[in-house]
Each structure stands twice: as C-alpha cells, then as structure tokens.
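These notes are about the structure you will find just below.
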Amino acid sequence: MRVLAFLGLFVLLALPARAQAPITLVVNFVAGGPSDLMARFLAPELSQILGAPIVVKNSAGAAGVIGAAEVARARPDGQTFLLSPIGAMAIQPNFRNDMPYRPHDLVPVCQVADTPVVLMSAPGGPRTLAEVASRAREAQGRFNFASTGPGSMPHIATVALARAMGAEMTHIPYRGNAEAVVSLLRQDVGIFADQPGTLRANNLHPIAIFAEQRSPEFPDTPTLREEGTDLVYSIWSGLFAPPGTAPEVIARMDAACQRALQQPAVIEGFRRLATPIVYRDAAAFRAFRDAELEKFRVVMRDAGIRPGD
C-alpha cells in the first residue's frame with residue numbers, strides 16, 4: 001500500500017502544472033497607435049507578475065466606444081480588462097446620446113499615463129498657430145482637421161481651438177492615429193492634435209502644446225497659453241474592468257499595474273512614446289475619472305460642442 005501511495009504521489013508531481021488561463025487586454029484603438037503600444041509594453045511585464053499570458057486585442061471604432069462596450073459586456077471573472085484613453089471614459093458620455101454603456105459601468109483599476117496634447121502638422125503644413133488661423137480663414141470652412149473619431153480628445157481639443165481663434169474648420173474623423181497621420185501626410189487635412197508619440201514616430205512638426213508649461217520633449221514649442229489661447233488638455237490612459245468585477249481581482253491587477261510601471265522595459269517604452277508615466281491606484285483613479293466626467297460635461301456645455309461638430 002505504501003508503494004502504491006508513493007507511486008501515486010510521484011505521478012501527481014510529475015504532471016505539468018495547470019496553465020493559467022490567458023487574460024485579454026482590450027485596446028479600443030487600432031494597432032500601432034499610442035494606446036496599442038502602451039498595452040504591448042505593459043503586457044509582458046503584467047504577464048510575468050501575474051503568472052498568466054496576456055493577449056492584447058484591438059477592438060477599434062467609434063472613438064474607443066466599441067472596445068469599451070465590449071469590456072462592459074464581458075464576464076467579470078478577471079480574464080478581461082480594457083486599456084483606454086480618456087475619450088471613451090469621460091468625453092464620449094458627455095458627447096453622445098446613444099452610449100452603449102453607462103459612464104460608471106467600467107471599473108477603474110489603475111491609471112498608467114497622462115500626456116499633453118500637441119497640435120501638429122506635416123511638412124508643407126502650417127508652422128505656427130497664426131498660420132493655422134490664417135489658412136483656416138482664407139479657406140472659408142474648407143480647412144480640414146483630423147481626429148481619431150467624433151468625441152475623441154483630438155476632436156474636442158481642435159474644436160475648442162477653432163472656436164477660440166474664431167476660425168471655421170471642417171472635422172474629418174478617422175478610426176485611429178495611423179489613418180489620421182496618413183491623411184495629414186497627404187495634406188488631406190492641415191492639422192492633427194494628438195499625443196507626442198504620434199508626432200515623434202512620423203517626423204511631424206509641433207505647432208503648439210495644450211499644456212500649462214512647455215514640454216521638456218519639445219522645449220521650442222510654445223503652449224497655447226503663450227499664444228494667447230488658454231486651452232489645457234491632456235490624454236490620460238488607464239486600465240478598466242467589467243462591471244461587477246470582485247474587489248480582490250481589482251486589487252490584484254492594480255498591484256501588478258504598479259509593479260509593471262516600475263520595470264525598465266516599460267519605463268523605456270513609455271519614454272520612447274514621449275508619454276509620462278502617471279500612476280494612480282484604483283481608488284484615486286476612480287475619483288479622478290469621476291472628476292474628469294464632470295469637468296468635460298462643463299467644458300462641452302460651455303463651448304457648445306455637440307454631436308456633428
């Protein structure tokens with residue numbers, strides 16, 4: 001009997017350990033853009049920390065709403081998370097009347113980044129804010145600007161800028177950064193407001209920055225405040241979980257997120273994107289998200305920004 005018991009124990013120990021089920025990290029924009037690249041820098045480190053494979057899945061469309069809605073419908077079993085920038089979390093709920101999820105459905109897990117918005121142009125495009133205003137006025141409404149979708153930060157920031165300058169511009173929305181950049185390089189559009197990583201990756205020209213102070217990455221680029229237009233916008237990003245996800249699951253991913261952001265590979269990857277790492281834990285990120293929801297309700301009400309702008 002002892003021999004049989006020993007053999008049974010030996011067989012049990014010899015069996016391979018049960019593999020952890022993969023975790024899906026949904027990115028609500030197309031591959032190759034800043035959100036996608038951040039996810040791919042984070043995924044290997046999160047996988048190592050959690051002991052489970054991380055699969056990055058791009059679910060793009062509707063300025064991030066499609067991917068966010070997918071996660072809002074997902075089972076709250078700790079196997080699905082969302083990496084999203086501000087748009088689908090705090091701007092779209094104030095912009096659209098047909099949101100497929102409620103603003104507070106998705107559970108904040110951790111903030112990972114916050115980067116100022118940069119107004120940019122392609123070679124041959126306007127070089128200064130004064131030139132943007134001049135070209136827009138001369139074009140009489142036919143001066144185009146790109147965005148990553150109606151209700152995205154690039155859209156809202158540029159509409160606010162146009163109204164502050166008293167210039168009429170035409171909004172051309174795209175599914176993601178890559179499509180917008182192609183259009184910019186073709187000069188189908190004159191300007192694009194987005195994260196610094198987009199500018200760097202495509203050798204574009206920084207016109208002005210929507211920030212309180214100049215960026216160390218672009219010390220020669222003036223702020224809009226310096227140019228006489230006091231607009232300050234940034235694109236923050238973070239992880240979210242489906243509604244109903246257990247607090248212990250949120251806490252585990254939050255702790256992994258904090259550790260991952262301290263790893264050299266992530267620090268270097270975000271540096272190459274010119275994207276400052278900004279970490280907030282689940283509780284602080286929830287409070288921040290809620291404050292941003294209210295902030296953009298007021299911003300869009302006061303600016304008169306509506307669907308179709």
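So you can find residues: chains in the structure tokens are A, B, ... in the order shown, residues in each start at 1, and ligands are numbered from 1 in order.
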Residues near Asp290 in chain A, cut-off 12 Å, only C-alpha atoms, skip fewer than 6 positions along chain, as a VMD selection string: chain A and resid 86 89 to 91 93 103 to 108 283 to 284 296 to 297
Among the residues of range 2-241 of chain A, find those DSSP assigns to strand (DSSP E or B) from the backbone and print them as a PyMOL selection string. chain A and resi 23-27+54-58+80-85+107-121+144-147+170-173+191-194+205-210+223+234-241
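Using only C-alpha atoms, the smallest distance between any of A:Gly64, A:Gly269, A:Pro100, A:Pro247 and Pro76 in chain A comes from A:Pro247.
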What's around Ile267 in chain A at 12 Å? Count only C-alpha atoms, leave out sequence neighbours fewer than 2 positions away in its own chain, and write the answer as a list in words.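 Surrounding residues, per the criterion: Met38, Phe41, Leu42, Glu45, Val112, Ala113, Gln258, Arg259, Ala260, Leu261, Gln262, Gln263, Pro264, Ala265, Gly269, Phe270, Arg271, Arg272, Leu273, Ala274, Thr275, Pro276, Ile277 and Val278 of chain A.
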Those same residues - N, CA, C and O atoms - I'd like them written as an mmCIF file, in the first residue's frame.
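To be explicit, this is the file written out as part-v6.cif:
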data_model
loop_
_atom_site.group_PDB
_atom_site.id
_atom_site.type_symbol
_atom_site.label_atom_id
_atom_site.label_comp_id
_atom_site.auth_asym_id
_atom_site.auth_seq_id
_atom_site.Cartn_x
_atom_site.Cartn_y
_atom_site.Cartn_z
ATOM 1 N N MET A 38 1.358 51.238 -25.751
ATOM 2 C CA MET A 38 1.419 51.185 -24.289
ATOM 3 C C MET A 38 1.020 49.793 -23.795
ATOM 4 O O MET A 38 1.657 49.230 -22.902
ATOM 5 N N PHE A 41 3.796 47.309 -24.352
ATOM 6 C CA PHE A 41 4.901 47.464 -23.405
ATOM 7 C C PHE A 41 4.514 46.871 -22.042
ATOM 8 O O PHE A 41 5.345 46.277 -21.347
ATOM 9 N N LEU A 42 3.261 47.050 -21.658
ATOM 10 C CA LEU A 42 2.805 46.592 -20.346
ATOM 11 C C LEU A 42 2.565 45.077 -20.294
ATOM 12 O O LEU A 42 2.813 44.442 -19.262
ATOM 13 N N GLU A 45 5.215 42.479 -18.941
ATOM 14 C CA GLU A 45 5.509 42.665 -17.519
ATOM 15 C C GLU A 45 4.332 42.222 -16.652
ATOM 16 O O GLU A 45 4.521 41.569 -15.618
ATOM 17 N N VAL A 112 -2.223 54.759 -15.837
ATOM 18 C CA VAL A 112 -0.854 54.430 -16.238
ATOM 19 C C VAL A 112 -0.111 55.596 -16.866
ATOM 20 O O VAL A 112 1.127 55.604 -16.891
ATOM 21 N N ALA A 113 -0.825 56.592 -17.404
ATOM 22 C CA ALA A 113 -0.137 57.659 -18.133
ATOM 23 C C ALA A 113 -1.001 58.907 -18.204
ATOM 24 O O ALA A 113 -2.219 58.853 -18.043
ATOM 25 N N GLN A 258 1.025 48.629 -10.817
ATOM 26 C CA GLN A 258 2.018 49.479 -10.162
ATOM 27 C C GLN A 258 3.432 48.925 -10.343
ATOM 28 O O GLN A 258 4.369 49.661 -10.666
ATOM 29 N N ARG A 259 3.576 47.614 -10.163
ATOM 30 C CA ARG A 259 4.895 46.991 -10.336
ATOM 31 C C ARG A 259 5.360 47.058 -11.787
ATOM 32 O O ARG A 259 6.535 47.330 -12.054
ATOM 33 N N ALA A 260 4.450 46.822 -12.725
ATOM 34 C CA ALA A 260 4.826 46.835 -14.141
ATOM 35 C C ALA A 260 5.341 48.202 -14.568
ATOM 36 O O ALA A 260 6.293 48.302 -15.360
ATOM 37 N N LEU A 261 4.733 49.264 -14.046
ATOM 38 C CA LEU A 261 5.143 50.617 -14.418
ATOM 39 C C LEU A 261 6.518 50.987 -13.877
ATOM 40 O O LEU A 261 7.107 51.983 -14.307
ATOM 41 N N GLN A 262 7.041 50.174 -12.975
ATOM 42 C CA GLN A 262 8.372 50.420 -12.420
ATOM 43 C C GLN A 262 9.461 49.631 -13.134
ATOM 44 O O GLN A 262 10.646 49.792 -12.825
ATOM 45 N N GLN A 263 9.079 48.788 -14.096
ATOM 46 C CA GLN A 263 10.046 47.944 -14.786
ATOM 47 C C GLN A 263 10.777 48.734 -15.879
ATOM 48 O O GLN A 263 10.181 49.541 -16.582
ATOM 49 N N PRO A 264 12.091 48.503 -16.032
ATOM 50 C CA PRO A 264 12.889 49.267 -17.002
ATOM 51 C C PRO A 264 12.330 49.226 -18.423
ATOM 52 O O PRO A 264 12.359 50.235 -19.132
ATOM 53 N N ALA A 265 11.823 48.061 -18.858
ATOM 54 C CA ALA A 265 11.313 47.954 -20.230
ATOM 55 C C ALA A 265 10.108 48.868 -20.445
ATOM 56 O O ALA A 265 9.955 49.468 -21.515
ATOM 57 N N GLY A 269 10.004 52.127 -22.809
ATOM 58 C CA GLY A 269 8.990 52.143 -23.854
ATOM 59 C C GLY A 269 8.137 53.398 -23.807
ATOM 60 O O GLY A 269 7.900 54.045 -24.837
ATOM 61 N N PHE A 270 7.693 53.774 -22.627
ATOM 62 C CA PHE A 270 6.889 54.981 -22.488
ATOM 63 C C PHE A 270 7.727 56.226 -22.800
ATOM 64 O O PHE A 270 7.215 57.205 -23.343
ATOM 65 N N ARG A 271 9.016 56.184 -22.453
ATOM 66 C CA ARG A 271 9.895 57.316 -22.773
ATOM 67 C C ARG A 271 9.980 57.504 -24.285
ATOM 68 O O ARG A 271 9.924 58.634 -24.783
ATOM 69 N N ARG A 272 10.094 56.403 -25.018
ATOM 70 C CA ARG A 272 10.168 56.495 -26.478
ATOM 71 C C ARG A 272 8.879 57.043 -27.073
ATOM 72 O O ARG A 272 8.886 57.649 -28.130
ATOM 73 N N LEU A 273 7.776 56.823 -26.381
ATOM 74 C CA LEU A 273 6.494 57.370 -26.831
ATOM 75 C C LEU A 273 6.304 58.818 -26.395
ATOM 76 O O LEU A 273 5.288 59.427 -26.752
ATOM 77 N N ALA A 274 7.265 59.347 -25.623
ATOM 78 C CA ALA A 274 7.132 60.687 -25.032
ATOM 79 C C ALA A 274 5.855 60.767 -24.197
ATOM 80 O O ALA A 274 5.151 61.782 -24.186
ATOM 81 N N THR A 275 5.572 59.674 -23.486
ATOM 82 C CA THR A 275 4.364 59.556 -22.670
ATOM 83 C C THR A 275 4.745 59.429 -21.200
ATOM 84 O O THR A 275 5.282 58.392 -20.793
ATOM 85 N N PRO A 276 4.516 60.453 -20.386
ATOM 86 C CA PRO A 276 4.869 60.372 -18.969
ATOM 87 C C PRO A 276 4.048 59.304 -18.240
ATOM 88 O O PRO A 276 2.826 59.237 -18.407
ATOM 89 N N ILE A 277 4.727 58.479 -17.469
ATOM 90 C CA ILE A 277 4.035 57.509 -16.617
ATOM 91 C C ILE A 277 3.424 58.256 -15.439
ATOM 92 O O ILE A 277 4.113 58.994 -14.732
ATOM 93 N N VAL A 278 2.139 58.097 -15.254
ATOM 94 C CA VAL A 278 1.441 58.660 -14.105
ATOM 95 C C VAL A 278 0.576 57.548 -13.525
ATOM 96 O O VAL A 278 -0.371 57.097 -14.166
#
List as a Markdown table every residue of range 26-145 of chain A that is in contact with range 209-227 of chain A, defined as an atom at most 9 Å from one of its atoms (using only C-alpha atoms), together with the nearest atom pair and the distance in Å rounded to one decimal, sorted by chain and then rising number.
| residue | atom | partner | partner_atom | distance |
| --- | --- | --- | --- | --- |
| A:Pro116 | CA | A:Ala211 | CA | 6.0 |
| A:Val117 | CA | A:Phe210 | CA | 5.3 |
| A:Val118 | CA | A:Ile209 | CA | 4.4 |
| A:Leu119 | CA | A:Ile209 | CA | 6.1 |
| A:Met120 | CA | A:Ile209 | CA | 8.9 |
| A:Leu129 | CA | A:Glu227 | CA | 7.5 |
| A:Ala130 | CA | A:Glu227 | CA | 8.7 |
Record the distance separating CA of Arg175 in chain A and CA of Arg137 in chain A, expressed in Å with one decimal.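 Here the two named atoms are 27.4 Å from each other.
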